[in-house]
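Source file: my_file.txt; contents: compact mmCIF, C-alpha atoms (C1' of nucleotides).
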```
# COMPACT_ATOMS: atom_id res chain seq x y z
CA MET A 295 92.07 150.55 -48.25
CA THR A 296 93.30 151.75 -51.57
CA PRO A 297 91.01 150.86 -54.45
CA ALA A 298 91.81 147.53 -56.02
CA PRO A 299 94.17 148.04 -58.91
CA ASP A 300 93.93 146.10 -62.13
CA PHE A 301 95.68 142.95 -61.05
CA GLU A 302 95.79 141.59 -64.54
CA GLN A 303 97.65 144.66 -65.74
CA LEU A 304 100.03 144.36 -62.83
CA LEU A 305 100.85 140.80 -63.73
CA ARG A 306 101.37 141.60 -67.37
CA GLY A 307 103.51 144.57 -66.43
CA ALA A 308 105.75 142.23 -64.46
CA GLU A 309 106.01 139.87 -67.41
CA LEU A 310 104.07 137.21 -65.59
CA ARG A 311 101.38 135.08 -67.11
CA VAL A 312 97.87 135.91 -66.11
CA THR A 313 96.19 132.96 -64.48
CA ARG A 314 93.24 132.72 -62.18
CA PRO A 315 95.30 131.59 -59.21
CA ARG A 316 97.63 134.54 -59.63
CA VAL A 317 94.92 137.12 -59.91
CA ALA A 318 93.14 135.59 -56.94
CA VAL A 319 96.27 135.53 -54.79
CA LEU A 320 97.18 139.06 -55.72
CA ALA A 321 93.68 140.23 -54.88
CA ALA A 322 93.76 138.34 -51.60
CA VAL A 323 97.07 139.84 -50.55
CA HIS A 324 95.77 143.27 -51.45
CA ALA A 325 92.54 142.74 -49.52
CA GLN A 326 94.25 141.37 -46.41
CA PRO A 327 97.55 143.06 -45.77
CA HIS A 328 99.89 141.06 -43.53
CA ALA A 329 97.93 137.84 -43.97
CA ASP A 330 99.79 134.59 -43.62
CA THR A 331 99.83 131.89 -46.24
CA ASP A 332 97.03 129.91 -44.65
CA ALA A 333 94.73 132.91 -44.60
CA LEU A 334 95.58 133.66 -48.20
CA ILE A 335 94.81 130.12 -49.27
CA ALA A 336 91.46 130.36 -47.53
CA ALA A 337 90.76 133.72 -49.11
CA VAL A 338 91.62 132.47 -52.56
CA ARG A 339 89.38 129.46 -52.16
CA ALA A 340 86.55 131.64 -50.93
CA ASP A 341 86.91 133.90 -53.93
CA THR A 342 83.74 133.24 -55.89
CA THR A 343 85.07 134.82 -59.05
CA GLN A 344 86.75 131.55 -59.77
CA GLY A 345 86.40 127.82 -59.39
CA GLY A 346 87.37 127.76 -55.80
CA ASP A 347 89.94 125.05 -55.70
CA VAL A 348 93.48 126.22 -55.80
CA SER A 349 96.15 124.01 -54.35
CA HIS A 350 98.21 125.34 -51.52
CA GLN A 351 101.21 124.52 -53.63
CA ALA A 352 100.04 126.92 -56.32
CA VAL A 353 99.61 129.63 -53.72
CA TYR A 354 103.16 129.10 -52.52
CA ASP A 355 104.41 129.19 -56.09
CA VAL A 356 102.47 132.32 -56.89
CA LEU A 357 103.59 134.07 -53.74
CA ARG A 358 107.18 133.34 -54.57
CA ALA A 359 106.75 134.47 -58.17
CA LEU A 360 105.07 137.69 -57.11
CA THR A 361 107.68 138.33 -54.45
CA THR A 362 110.48 137.80 -56.94
CA ALA A 363 108.75 140.08 -59.42
CA GLY A 364 108.44 142.75 -56.74
CA LEU A 365 104.66 142.94 -56.83
CA ILE A 366 104.34 141.89 -53.22
CA ARG A 367 106.62 141.92 -50.25
CA ARG A 368 107.26 139.12 -47.84
CA ILE A 369 107.69 139.87 -44.18
CA GLN A 370 108.48 137.36 -41.49
CA PRO A 371 109.08 138.57 -37.96
CA SER A 372 110.85 136.11 -35.69
CA GLY A 373 108.53 133.44 -34.43
CA SER A 374 105.92 134.14 -37.06
CA VAL A 375 105.03 132.46 -40.30
CA ALA A 376 105.55 134.28 -43.57
CA ARG A 377 103.20 137.15 -44.29
CA TYR A 378 102.68 139.18 -47.43
CA GLU A 379 101.60 142.66 -48.39
CA THR A 380 101.14 144.65 -51.56
CA ARG A 381 102.65 147.90 -50.34
CA VAL A 382 105.98 147.87 -52.06
CA GLY A 383 108.45 150.54 -52.92
CA ASP A 384 107.24 153.09 -50.41
CA ASN A 385 109.78 152.29 -47.80
CA HIS A 386 107.49 151.75 -44.88
CA HIS A 387 108.14 149.55 -41.91
CA HIS A 388 106.23 147.45 -39.43
CA VAL A 389 105.28 147.28 -35.80
CA VAL A 390 104.78 143.83 -34.37
CA CYS A 391 103.01 143.05 -31.14
CA ARG A 392 105.10 140.77 -28.95
CA ARG A 393 102.03 139.34 -27.36
CA CYS A 394 99.52 138.66 -30.12
CA GLY A 395 101.66 139.02 -33.22
CA ALA A 396 99.53 141.74 -34.77
CA ILE A 397 101.30 143.74 -37.45
CA GLY A 398 100.81 147.37 -38.31
CA ASP A 399 102.29 149.63 -40.95
CA VAL A 400 104.54 152.50 -40.03
CA ASP A 401 105.76 155.13 -42.40
CA CYS A 402 109.41 155.86 -42.16
CA ALA A 403 110.22 158.14 -39.28
CA VAL A 404 113.41 159.65 -40.57
CA GLY A 405 112.83 160.34 -44.22
CA GLU A 406 112.98 158.72 -47.55
CA VAL A 407 115.58 156.07 -46.98
CA PRO A 408 116.22 155.76 -43.28
CA CYS A 409 119.24 154.22 -41.79
CA LEU A 410 120.10 152.78 -45.14
CA THR A 411 123.68 153.76 -44.71
CA ALA A 412 125.18 151.62 -42.03
CA SER A 413 128.13 153.12 -40.22
CA ALA A 414 130.38 150.14 -40.86
CA ASP A 415 129.08 147.89 -43.55
CA ASN A 416 131.78 145.21 -43.31
CA GLY A 417 132.14 145.37 -47.06
CA PHE A 418 128.55 144.39 -47.66
CA VAL A 419 126.73 146.04 -50.54
CA ILE A 420 123.49 147.06 -48.88
CA ASP A 421 120.39 147.48 -51.01
CA GLU A 422 117.60 147.57 -48.47
CA ALA A 423 117.01 148.32 -44.84
CA GLU A 424 114.19 146.52 -43.08
CA VAL A 425 112.96 147.84 -39.78
CA ILE A 426 110.75 146.00 -37.35
CA TYR A 427 109.45 147.79 -34.28
CA TRP A 428 108.69 145.44 -31.43
CA GLY A 429 106.14 146.42 -28.86
CA THR A 430 102.64 145.89 -27.62
CA CYS A 431 99.52 146.63 -29.61
CA PRO A 432 96.70 148.75 -28.17
CA ASP A 433 94.48 145.76 -27.45
CA CYS A 434 97.18 143.90 -25.57
CA SER A 435 98.23 147.04 -23.73
CA THR A 436 94.70 147.51 -22.48
CA ALA A 437 94.37 143.87 -21.51
CA ARG A 438 97.65 144.05 -19.66
CA LEU A 439 97.94 141.18 -17.21
CA MET B 225 136.58 138.49 -29.73
CA THR B 226 135.86 139.83 -26.31
CA PRO B 227 137.30 137.72 -23.51
CA ALA B 228 134.92 135.09 -22.27
CA PRO B 229 132.97 136.43 -19.32
CA ASP B 230 132.12 134.38 -16.29
CA PHE B 231 129.10 132.58 -17.64
CA GLU B 232 128.19 131.17 -14.27
CA GLN B 233 127.99 134.64 -12.82
CA LEU B 234 125.91 135.78 -15.75
CA LEU B 235 123.43 133.00 -15.15
CA ARG B 236 123.21 133.69 -11.46
CA GLY B 237 122.79 137.37 -12.15
CA ALA B 238 119.80 136.56 -14.30
CA GLU B 239 118.33 134.40 -11.56
CA LEU B 240 118.79 131.27 -13.58
CA ARG B 241 120.03 128.00 -12.25
CA VAL B 242 123.55 127.11 -13.19
CA THR B 243 123.70 123.84 -15.09
CA ARG B 244 126.29 122.39 -17.36
CA PRO B 245 124.10 122.60 -20.45
CA ARG B 246 123.43 126.26 -19.77
CA VAL B 247 127.03 127.21 -19.28
CA ALA B 248 127.98 125.24 -22.37
CA VAL B 249 125.30 126.83 -24.52
CA LEU B 250 126.14 130.30 -23.29
CA ALA B 251 129.81 129.71 -24.03
CA ALA B 252 128.96 128.35 -27.48
CA VAL B 253 126.83 131.31 -28.38
CA HIS B 254 129.56 133.62 -27.19
CA ALA B 255 132.20 131.77 -29.18
CA GLN B 256 130.18 131.64 -32.36
CA PRO B 257 128.08 134.74 -32.84
CA HIS B 258 125.15 134.29 -35.25
CA ALA B 259 125.33 130.51 -35.10
CA ASP B 260 122.17 128.57 -35.72
CA THR B 261 120.74 126.01 -33.34
CA ASP B 262 122.33 123.07 -35.11
CA ALA B 263 125.78 124.59 -34.92
CA LEU B 264 125.26 125.38 -31.25
CA ILE B 265 124.22 121.83 -30.50
CA ALA B 266 127.35 120.58 -32.24
CA ALA B 267 129.50 123.08 -30.37
CA VAL B 268 128.02 122.13 -27.02
CA ARG B 269 128.57 118.45 -27.70
CA ALA B 270 132.16 119.11 -28.74
CA ASP B 271 132.78 121.04 -25.53
CA THR B 272 135.18 118.80 -23.64
CA THR B 273 134.62 120.58 -20.34
CA GLN B 274 131.53 118.49 -19.89
CA GLY B 275 130.12 115.06 -20.56
CA GLY B 276 129.41 115.68 -24.18
CA ASP B 277 125.84 114.55 -24.48
CA VAL B 278 123.29 117.26 -24.30
CA SER B 279 119.97 116.71 -25.96
CA HIS B 280 118.90 119.08 -28.66
CA GLN B 281 115.80 119.62 -26.62
CA ALA B 282 117.87 120.97 -23.75
CA VAL B 283 119.61 123.35 -26.11
CA TYR B 284 116.28 124.66 -27.35
CA ASP B 285 115.09 125.06 -23.77
CA VAL B 286 118.24 126.81 -22.70
CA LEU B 287 118.22 129.13 -25.69
CA ARG B 288 114.69 130.14 -24.90
CA ALA B 289 115.46 130.65 -21.22
CA LEU B 290 118.52 132.74 -22.02
CA THR B 291 116.63 134.76 -24.58
CA THR B 292 113.82 135.44 -22.14
CA ALA B 293 116.33 136.42 -19.49
CA GLY B 294 117.98 138.81 -21.92
CA LEU B 295 121.39 137.15 -21.83
CA ILE B 296 121.31 136.36 -25.51
CA ARG B 297 119.42 137.71 -28.44
CA ARG B 298 117.60 135.75 -31.07
CA ILE B 299 117.71 136.92 -34.66
CA GLN B 300 115.87 135.33 -37.51
CA PRO B 301 116.04 136.96 -40.92
CA SER B 302 113.36 135.84 -43.34
CA GLY B 303 114.17 132.49 -44.87
CA SER B 304 116.73 131.67 -42.22
CA VAL B 305 116.64 129.50 -39.16
CA ALA B 306 116.96 131.06 -35.74
CA ARG B 307 120.37 132.39 -34.79
CA TYR B 308 121.68 133.67 -31.51
CA GLU B 309 124.27 136.14 -30.28
CA THR B 310 125.51 137.39 -26.95
CA ARG B 311 125.78 141.05 -27.87
CA VAL B 312 122.80 142.48 -26.12
CA GLY B 313 121.87 145.92 -25.00
CA ASP B 314 124.23 147.77 -27.29
CA ASN B 315 121.68 148.49 -29.93
CA HIS B 316 123.53 147.16 -32.90
CA HIS B 317 121.99 145.78 -36.04
CA HIS B 318 122.74 143.24 -38.73
CA VAL B 319 123.60 142.94 -42.37
CA VAL B 320 122.43 139.80 -44.08
CA CYS B 321 123.69 138.52 -47.41
CA ARG B 322 120.82 137.71 -49.73
CA ARG B 323 122.87 135.11 -51.48
CA CYS B 324 124.69 133.12 -48.84
CA GLY B 325 122.92 134.18 -45.66
CA ALA B 326 126.05 135.45 -43.94
CA ILE B 327 125.37 137.80 -41.07
CA GLY B 328 127.49 140.69 -39.91
CA ASP B 329 127.19 143.16 -37.07
CA VAL B 330 126.61 146.83 -37.73
CA ASP B 331 126.71 149.51 -35.12
CA CYS B 332 123.85 151.90 -35.24
CA ALA B 333 124.32 154.54 -37.88
CA VAL B 334 122.22 157.27 -36.36
CA GLY B 335 122.99 157.27 -32.68
CA GLU B 336 121.97 155.64 -29.50
CA VAL B 337 118.43 154.65 -30.27
CA PRO B 338 117.82 154.99 -33.97
CA CYS B 339 114.47 155.14 -35.57
CA LEU B 340 112.97 154.01 -32.33
CA THR B 341 110.29 156.61 -32.60
CA ALA B 342 107.99 155.64 -35.39
CA SER B 343 106.15 158.51 -37.00
CA ALA B 344 102.74 156.91 -36.56
CA ASP B 345 102.77 154.11 -34.08
CA ASN B 346 99.12 153.06 -34.48
CA GLY B 347 98.83 153.09 -30.71
CA PHE B 348 101.52 150.49 -30.29
CA VAL B 349 103.85 150.80 -27.34
CA ILE B 350 107.21 150.30 -28.98
CA ASP B 351 110.10 149.04 -26.91
CA GLU B 352 112.64 147.99 -29.49
CA ALA B 353 113.60 148.69 -33.07
CA GLU B 354 115.21 145.91 -35.01
CA VAL B 355 117.00 146.76 -38.22
CA ILE B 356 118.13 144.30 -40.85
CA TYR B 357 120.19 145.49 -43.76
CA TRP B 358 119.82 143.30 -46.83
CA GLY B 359 122.59 143.15 -49.35
CA THR B 360 125.45 141.13 -50.66
CA CYS B 361 128.49 140.14 -48.67
CA PRO B 362 132.02 140.78 -49.98
CA ASP B 363 132.56 137.16 -50.98
CA CYS B 364 129.34 136.95 -52.95
CA SER B 365 129.95 140.36 -54.50
CA THR B 366 133.30 139.20 -55.78
CA ALA B 367 131.90 135.94 -57.06
CA ARG B 368 129.10 137.77 -58.80
CA LEU B 369 127.55 135.52 -61.44
C1' DG C 160 90.59 129.35 -84.91
C1' DC C 161 94.39 125.88 -84.05
C1' DG C 162 98.74 123.90 -82.76
C1' DT C 163 102.90 124.28 -80.23
C1' DC C 164 105.75 125.18 -76.39
C1' DA C 165 107.01 126.72 -72.05
C1' DG C 166 105.60 128.10 -67.90
C1' DT C 167 101.93 126.80 -64.25
C1' DC C 168 98.99 124.12 -61.53
C1' DT C 169 97.60 119.59 -59.13
C1' DT C 170 98.40 115.79 -56.39
C1' DG C 171 100.91 113.55 -53.01
C1' DA C 172 104.76 112.89 -50.32
C1' DA C 173 108.98 114.50 -47.87
C1' DT C 174 111.81 117.59 -45.25
C1' DG C 175 113.35 119.80 -41.22
C1' DA C 176 113.19 123.20 -37.58
C1' DT C 177 110.77 123.52 -33.56
C1' DT C 178 107.66 122.02 -29.97
C1' DC C 179 105.05 118.81 -26.79
C1' DA C 180 104.89 115.27 -23.14
C1' DA C 181 106.27 112.41 -19.25
C1' DG C 182 109.45 110.86 -16.30
C1' DA C 183 114.35 111.09 -14.38
C1' DA C 184 117.89 113.95 -12.62
C1' DA C 185 120.05 117.80 -10.68
C1' DA C 186 120.32 122.51 -8.41
C1' DC C 187 119.07 125.44 -4.84
C1' DC C 188 117.60 126.49 -0.05
C1' DC C 189 117.49 125.36 4.72
C1' DG D 124 121.42 115.66 3.92
C1' DG D 125 116.29 116.24 2.69
C1' DG D 126 112.74 118.32 0.17
C1' DT D 127 111.06 120.99 -3.54
C1' DT D 128 111.18 122.97 -7.88
C1' DT D 129 113.28 123.60 -12.04
C1' DT D 130 115.67 121.52 -15.71
C1' DC D 131 117.26 117.71 -18.67
C1' DT D 132 116.49 113.29 -21.40
C1' DT D 133 114.14 110.49 -24.48
C1' DG D 134 111.02 109.95 -28.05
C1' DA D 135 107.41 111.36 -30.76
C1' DA D 136 104.49 114.91 -33.02
C1' DT D 137 103.47 119.22 -35.45
C1' DC D 138 103.31 122.28 -39.13
C1' DA D 139 105.06 125.53 -42.55
C1' DT D 140 107.37 124.96 -46.50
C1' DT D 141 109.50 122.50 -50.27
C1' DC D 142 110.31 118.73 -53.73
C1' DA D 143 108.82 115.83 -57.62
C1' DA D 144 106.25 114.17 -61.62
C1' DG D 145 102.83 114.63 -64.60
C1' DA D 146 98.63 117.13 -66.43
C1' DC D 147 97.15 121.44 -67.87
C1' DT D 148 96.69 125.98 -70.02
C1' DG D 149 98.04 130.73 -71.34
C1' DA D 150 100.55 133.17 -74.85
C1' DC D 151 102.07 133.48 -79.42
C1' DG D 152 102.43 132.61 -84.36
C1' DC D 153 100.17 130.86 -88.46
```
Encoding of this model in structure tokens:
Amino acid sequence: MTPAPDFEQLLRGAELRVTRPRVAVLAAVHAQPHADTDALIAAVRADTTQGGDVSHQAVYDVLRALTTAGLIRRIQPSGSVARYETRVGDNHHHVVCRRCGAIGDVDCAVGEVPCLTASADNGFVIDEAEVIYWGTCPDCSTARL
Amino acid sequence: MTPAPDFEQLLRGAELRVTRPRVAVLAAVHAQPHADTDALIAAVRADTTQGGDVSHQAVYDVLRALTTAGLIRRIQPSGSVARYETRVGDNHHHVVCRRCGAIGDVDCAVGEVPCLTASADNGFVIDEAEVIYWGTCPDCSTARL
DNA sequence: GCGTCAGTCTTGAATGATTCAAGAAAACCC
DNA sequence: GGGTTTTCTTGAATCATTCAAGACTGACGC
């Protein structure tokens, strides 16, 4: 795991107020990539560096604020709840296990900005390409039924 | 739009029982690509070729059965409800408007099976690559605020 | 340090897509 | 046509996420 950055600086840099819930959520997302909201709420509440009671509503608010600010990225494969990660701006993608829902990071196979130019864009102005690889994770492959 | 195929044959070919709700749902998905479940329920109920009362539960069941059988494909961009389409097996992708949620089809830019080989697959056995292009549709681009 | 203001958090309830359950009905096979 | 299995109907439940109203607190200027 990359060393924990200065979350407070990150927040200030994004012109966001620095509050305990925000620092805690940011730290939780950084510590547990691909965690869902429930796990993040639990992590924030277990964070001893602060009071320990943060409403789930605040976590939702913070996650949305951070996502909008571009500090975290929201991913939501079909059939899964929303998950968040702090790796942003490096154009990586995800593999999702069809069986257990596990998520892994995958660096782009093609190059810097893969597939970002669609052959026929229907007039859409495309600003991002999101790739999800569907498959089976090692554990589920081994435990093949 | 491609001419309506023989839905009954399709069902039989997939080893699924042929029932009115199934034919109606399959026809509805074919007639309205990228429709959500609500729209499909409405379309099925408006289908005069049958009684007219199909429970939403049946539609959900049928959609799942058809998806499992590979006759239709389920797509669900983040923040959107589930949508379905009959184009399967041709490896095309989608553009989604960030503002209004409109979905368009995009043929693969790279070739037959684009990006399907991830650079580092973490041991995952990948069987499908799903690409979603995020951007702004022509209408929303024009009506830029 | 202190007051002010706007943005945030808390509490509590509501929304809405999707799923679960149990029994009735229909399709397929012979 | 009869029997069996799958599928459909009805009705209720679940659960992530959002909405709303008021209390709180961080940031900034004096």
**Report entry** Distance filter 9 Å, all atoms listed in the file, chain A against chain C, as a ChimeraX atom specification
**Finding:** /A:311,313,315,348-349,351-352,355
Quick one: write out the picked residues with C-alpha atoms as a compact mmCIF listing (two decimals), in the coordinates of the input?
```txt
# COMPACT_ATOMS: atom_id res chain seq x y z
CA ARG A 311 101.38 135.08 -67.11
CA THR A 313 96.19 132.96 -64.48
CA PRO A 315 95.30 131.59 -59.21
CA VAL A 348 93.48 126.22 -55.80
CA SER A 349 96.15 124.01 -54.35
CA GLN A 351 101.21 124.52 -53.63
CA ALA A 352 100.04 126.92 -56.32
CA ASP A 355 104.41 129.19 -56.09
```
For the reference chain B, what are the coordinates of chain A after least-squares fitting (all Cα, in-order pairing), as a short mmCIF file (atom, residue, chain, number, x, y, z; two decimals) with C-alpha atoms, in the coordinates of the input?
```cif
data_model
loop_
_atom_site.label_atom_id
_atom_site.label_comp_id
_atom_site.auth_asym_id
_atom_site.auth_seq_id
_atom_site.Cartn_x
_atom_site.Cartn_y
_atom_site.Cartn_z
CA MET A 295 136.36 138.49 -29.80
CA THR A 296 135.75 139.86 -26.38
CA PRO A 297 137.25 137.75 -23.61
CA ALA A 298 134.91 135.10 -22.32
CA PRO A 299 133.00 136.44 -19.37
CA ASP A 300 132.18 134.37 -16.33
CA PHE A 301 129.18 132.53 -17.66
CA GLU A 302 128.32 131.12 -14.29
CA GLN A 303 128.12 134.59 -12.81
CA LEU A 304 125.97 135.70 -15.71
CA LEU A 305 123.53 132.91 -15.11
CA ARG A 306 123.34 133.56 -11.41
CA GLY A 307 122.91 137.26 -12.07
CA ALA A 308 119.88 136.44 -14.20
CA GLU A 309 118.44 134.26 -11.46
CA LEU A 310 118.93 131.16 -13.53
CA ARG A 311 120.23 127.89 -12.22
CA VAL A 312 123.74 127.01 -13.19
CA THR A 313 123.86 123.76 -15.09
CA ARG A 314 126.41 122.33 -17.43
CA PRO A 315 124.15 122.56 -20.46
CA ARG A 316 123.50 126.22 -19.77
CA VAL A 317 127.10 127.16 -19.30
CA ALA A 318 128.02 125.21 -22.41
CA VAL A 319 125.31 126.83 -24.52
CA LEU A 320 126.17 130.28 -23.28
CA ALA A 321 129.82 129.70 -24.06
CA ALA A 322 128.95 128.34 -27.49
CA VAL A 323 126.79 131.32 -28.37
CA HIS A 324 129.54 133.63 -27.19
CA ALA A 325 132.19 131.78 -29.20
CA GLN A 326 130.13 131.65 -32.39
CA PRO A 327 128.05 134.75 -32.85
CA HIS A 328 125.11 134.30 -35.22
CA ALA A 329 125.29 130.51 -35.08
CA ASP A 330 122.11 128.59 -35.69
CA THR A 331 120.71 126.03 -33.31
CA ASP A 332 122.27 123.09 -35.09
CA ALA A 333 125.73 124.62 -34.91
CA LEU A 334 125.23 125.39 -31.25
CA ILE A 335 124.18 121.84 -30.50
CA ALA A 336 127.29 120.59 -32.25
CA ALA A 337 129.46 123.07 -30.40
CA VAL A 338 128.00 122.11 -27.06
CA ARG A 339 128.55 118.44 -27.74
CA ALA A 340 132.11 119.09 -28.81
CA ASP A 341 132.78 121.00 -25.62
CA THR A 342 135.19 118.75 -23.76
CA THR A 343 134.68 120.51 -20.46
CA GLN A 344 131.62 118.40 -20.01
CA GLY A 345 130.16 115.00 -20.71
CA GLY A 346 129.39 115.70 -24.28
CA ASP A 347 125.84 114.56 -24.58
CA VAL A 348 123.29 117.27 -24.34
CA SER A 349 119.93 116.73 -25.94
CA HIS A 350 118.85 119.10 -28.62
CA GLN A 351 115.76 119.65 -26.56
CA ALA A 352 117.85 120.98 -23.69
CA VAL A 353 119.60 123.35 -26.05
CA TYR A 354 116.26 124.68 -27.25
CA ASP A 355 115.10 125.07 -23.67
CA VAL A 356 118.27 126.81 -22.63
CA LEU A 357 118.22 129.13 -25.60
CA ARG A 358 114.69 130.14 -24.80
CA ALA A 359 115.50 130.64 -21.12
CA LEU A 360 118.54 132.74 -21.92
CA THR A 361 116.63 134.76 -24.49
CA THR A 362 113.85 135.43 -22.02
CA ALA A 363 116.38 136.40 -19.37
CA GLY A 364 118.00 138.80 -21.82
CA LEU A 365 121.41 137.16 -21.76
CA ILE A 366 121.30 136.37 -25.45
CA ARG A 367 119.41 137.73 -28.38
CA ARG A 368 117.58 135.78 -31.01
CA ILE A 369 117.67 136.94 -34.59
CA GLN A 370 115.87 135.33 -37.47
CA PRO A 371 116.02 136.96 -40.88
CA SER A 372 113.37 135.84 -43.33
CA GLY A 373 114.17 132.50 -44.84
CA SER A 374 116.71 131.65 -42.19
CA VAL A 375 116.60 129.49 -39.12
CA ALA A 376 116.91 131.07 -35.70
CA ARG A 377 120.32 132.40 -34.76
CA TYR A 378 121.65 133.68 -31.47
CA GLU A 379 124.23 136.13 -30.23
CA THR A 380 125.48 137.39 -26.90
CA ARG A 381 125.74 141.06 -27.82
CA VAL A 382 122.75 142.48 -26.07
CA GLY A 383 121.83 145.93 -24.96
CA ASP A 384 124.18 147.78 -27.26
CA ASN A 385 121.65 148.51 -29.90
CA HIS A 386 123.50 147.18 -32.88
CA HIS A 387 121.97 145.80 -36.02
CA HIS A 388 122.72 143.25 -38.69
CA VAL A 389 123.58 142.94 -42.33
CA VAL A 390 122.42 139.80 -44.06
CA CYS A 391 123.70 138.53 -47.36
CA ARG A 392 120.85 137.71 -49.71
CA ARG A 393 122.91 135.12 -51.46
CA CYS A 394 124.70 133.10 -48.79
CA GLY A 395 122.90 134.19 -45.65
CA ALA A 396 126.02 135.43 -43.90
CA ILE A 397 125.34 137.81 -41.04
CA GLY A 398 127.48 140.68 -39.88
CA ASP A 399 127.17 143.15 -37.03
CA VAL A 400 126.59 146.81 -37.68
CA ASP A 401 126.70 149.51 -35.08
CA CYS A 402 123.85 151.91 -35.22
CA ALA A 403 124.32 154.52 -37.88
CA VAL A 404 122.20 157.26 -36.43
CA GLY A 405 122.92 157.29 -32.74
CA GLU A 406 121.92 155.68 -29.56
CA VAL A 407 118.39 154.65 -30.32
CA PRO A 408 117.79 154.98 -34.03
CA CYS A 409 114.45 155.20 -35.61
CA LEU A 410 112.90 154.08 -32.39
CA THR A 411 110.24 156.68 -32.69
CA ALA A 412 107.98 155.74 -35.52
CA SER A 413 106.16 158.61 -37.17
CA ALA A 414 102.74 157.03 -36.76
CA ASP A 415 102.73 154.22 -34.28
CA ASN A 416 99.09 153.19 -34.72
CA GLY A 417 98.73 153.20 -30.97
CA PHE A 418 101.40 150.58 -30.49
CA VAL A 419 103.70 150.92 -27.50
CA ILE A 420 107.08 150.40 -29.11
CA ASP A 421 109.94 149.11 -26.99
CA GLU A 422 112.51 148.06 -29.54
CA ALA A 423 113.50 148.73 -33.10
CA GLU A 424 115.17 145.95 -35.04
CA VAL A 425 116.98 146.78 -38.23
CA ILE A 426 118.12 144.31 -40.83
CA TYR A 427 120.21 145.50 -43.75
CA TRP A 428 119.84 143.31 -46.80
CA GLY A 429 122.63 143.16 -49.31
CA THR A 430 125.49 141.12 -50.63
CA CYS A 431 128.52 140.12 -48.62
CA PRO A 432 132.05 140.74 -49.91
CA ASP A 433 132.60 137.12 -50.91
CA CYS A 434 129.40 136.94 -52.91
CA SER A 435 130.03 140.33 -54.46
CA THR A 436 133.39 139.16 -55.71
CA ALA A 437 131.98 135.89 -56.99
CA ARG A 438 129.24 137.77 -58.78
CA LEU A 439 127.69 135.59 -61.46
#
```
Within 9 Å of chain A, which residues belong to chain D? Use only C-alpha atoms (C1' of nucleotides) and report them as a PDB file with C-alpha atoms (C1' of nucleotides), keeping the file's coordinate frame.
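As a result, iface17.pdb now contains:
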```pdb
ATOM      1  C1'  DA D 139     105.060 125.530 -42.550  1.00  0.00           C
ATOM      2  C1'  DT D 140     107.370 124.960 -46.500  1.00  0.00           C
ATOM      3  C1'  DT D 148      96.690 125.980 -70.020  1.00  0.00           C
ATOM      4  C1'  DG D 149      98.040 130.730 -71.340  1.00  0.00           C
ATOM      5  C1'  DA D 150     100.550 133.170 -74.850  1.00  0.00           C
TER       6       DA D 150
END
```
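For chain A, the residues close to chain B, meaning within 6 Å and counting all atoms listed in the file, are Gln370, Ser372, Val400, Ala403, Ala412, Ser413, Ala414, Gly417, Phe418, Val419, Ile420, Asp421, Glu422, Ala423, Glu424, Val425, Ile426, Tyr427, Trp428, Gly429, Thr430, Cys431 and Pro432 of chain A.
Relative to CA of His386 (chain A), CA of Tyr308 (chain B) is found at 26.6 Å.
If you count only C-alpha atoms (C1' of nucleotides) and ignore residues fewer than 6 places along the chain from Ala270 (chain B), what sits within 12 Å of it is B:Ala248, B:Val249, B:Ala251, B:Ala252, B:Ala263, B:Leu264, B:Gly276, B:Asp277, B:Val278.
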Query raised in the report: How many Å separate CA of Val338 (chain A) from CA of Arg367 (chain A)?
Result: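 Computing the Euclidean distance for CA of Val338 (chain A) and CA of Arg367 (chain A) yields 17.9 Å.
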Requested in this report: Excluding Leu234 (chain B) and residues on its chain fewer than 2 positions from it, collect all residues at most 12 Å away from it, counting all atoms listed in the file, and give them as a PyMOL selection string.
Outcome: chain B and resi 228-232+236-242+246-247+250-251+290+293-296+310
Query - Between CA of Ala259 (chain B) and CA of Ala289 (chain B), distance in Å (one decimal) - result: 17.0 Å
